[in-house]
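Read through the structure below, which is laid out as structure tokens, and then see the notes.
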Amino acid sequence: MNELDNLYKEIILEAAKERYGEGPLENADGISHQVNPSCGDEVTMRVNLSDDGTRIDDIAWEGQGCSISQASISIMTDMLEGESFDTFQDLYGRFRQMMDSQGEELPSEVLDSLEDAAAFHGVSKFPMRIKCALLGWMAIKDACAQAIATKESNRE
């Protein structure tokens, strides 16, 4: 294992322990519960969007699973809280591109933009682990879609 792989492993293990954003969020605009049936990892993601629906103001989650899923959720939460919905969509696309890469080299701007989430690049070599890394991303995508729909229906 090279130095970069060791660093990525450290980042994942540390983030899995830290569990940034874990806890309750009262009166969430959107809630999504996702389960990875192949391994049993699960997460309930709650989000609050700005009044105009263009920014993710608050994110909270509760879940259990392997270090990959829990670290990915923790890092993702830290990256996205307070960010615009456009930034979220861009980062989601880049993370998804990385997960679909099967470990192949990616442009440095993709990995650089993902910050600590780039640590999951090695996970993309293992199809059964990709779902673990994507679990939180799928949950926040769904929770945001629900939040946007709720805000739109409240305006009508």
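Naming works like this for the structure tokens: A, B, ... for the chains as they're shown, residue 1 at the start of each chain, ligands 1 onward in shown order.
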Counting only C-alpha atoms, which residues of range 54-125 of chain A sit at most 6 Å from some atom of range 26-50 of chain A, and what is each one's closest atom pair with its distance in Å to one decimal, listed by chain and rising residue number, as a tab-separated table?
residue	atom	partner	partner_atom	distance
A:Arg55	CA	A:Ser50	CA	5.2
A:Ile56	CA	A:Leu49	CA	4.5
A:Asp57	CA	A:Leu49	CA	5.1
A:Asp58	CA	A:Asn48	CA	5.0
A:Ile59	CA	A:Val47	CA	4.6
A:Ala60	CA	A:Arg46	CA	5.2
A:Trp61	CA	A:Met45	CA	4.5
A:Glu62	CA	A:Thr44	CA	5.3
A:Gly63	CA	A:Val43	CA	4.1
A:Gln64	CA	A:Glu42	CA	5.6
A:Gly65	CA	A:Asp41	CA	4.1
Can you write out the residues you just picked, keeping C-alpha atoms, as an mmCIF file, in the first residue's frame?
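That gives us result-v7.cif:
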data_model
loop_
_atom_site.group_PDB
_atom_site.id
_atom_site.type_symbol
_atom_site.label_atom_id
_atom_site.label_comp_id
_atom_site.auth_asym_id
_atom_site.auth_seq_id
_atom_site.Cartn_x
_atom_site.Cartn_y
_atom_site.Cartn_z
ATOM 1 C CA ARG A 55 -29.101 26.458 -0.261
ATOM 2 C CA ILE A 56 -28.754 23.533 2.139
ATOM 3 C CA ASP A 57 -28.906 25.262 5.529
ATOM 4 C CA ASP A 58 -28.856 22.250 7.855
ATOM 5 C CA ILE A 59 -28.068 18.553 7.505
ATOM 6 C CA ALA A 60 -28.412 15.892 10.170
ATOM 7 C CA TRP A 61 -28.310 12.140 9.961
ATOM 8 C CA GLU A 62 -28.642 8.987 11.967
ATOM 9 C CA GLY A 63 -27.366 5.674 10.749
ATOM 10 C CA GLN A 64 -25.280 2.619 11.121
ATOM 11 C CA GLY A 65 -23.023 0.633 8.889
#
Do you know which residues are at most 8 Å from range 70-85 of chain A counting only C-alpha atoms, after dropping those on the same chain fewer than 2 positions away, and could you put them as a ChimeraX atom specification? /A:12-22,53-60,63-68,87-89,116-117,120,133-137
Write down as a list of chain:residue names the residues belonging to chain A that are assigned strand (DSSP E) by DSSP computed on the backbone.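 Those in chain A that DSSP calls strand (DSSP E) are A:Gly30, A:Ile31, A:Ser32, A:His33, A:Gln34, A:Val35, A:Glu42, A:Val43, A:Thr44, A:Met45, A:Arg46, A:Val47, A:Asn48, A:Leu49, A:Ile56, A:Asp57, A:Asp58, A:Ile59, A:Ala60, A:Trp61, A:Glu62, A:Gly63, A:Gln64.
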How many Å lie between CA of Met128 in chain A and CA of Asp5 in chain A, rounded to one decimal? 19.0 Å
Tell me which of A:Val123, A:Ala143, A:Met138, A:Ala149 sits closest to Ser101 in chain A, counting only C-alpha atoms.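 Using only C-alpha atoms, Ser101 in chain A sits closest to A:Val123.
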Which of range 15-101 of chain A counts as helix (DSSP H, G or I) under DSSP, as number ranges by chain please? A: 15-18, 67-80, 85-99
Separation of CA of Cys144 in chain A and CA of Asp86 in chain A, in Å?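 Those two atoms sit 11.7 Å apart.
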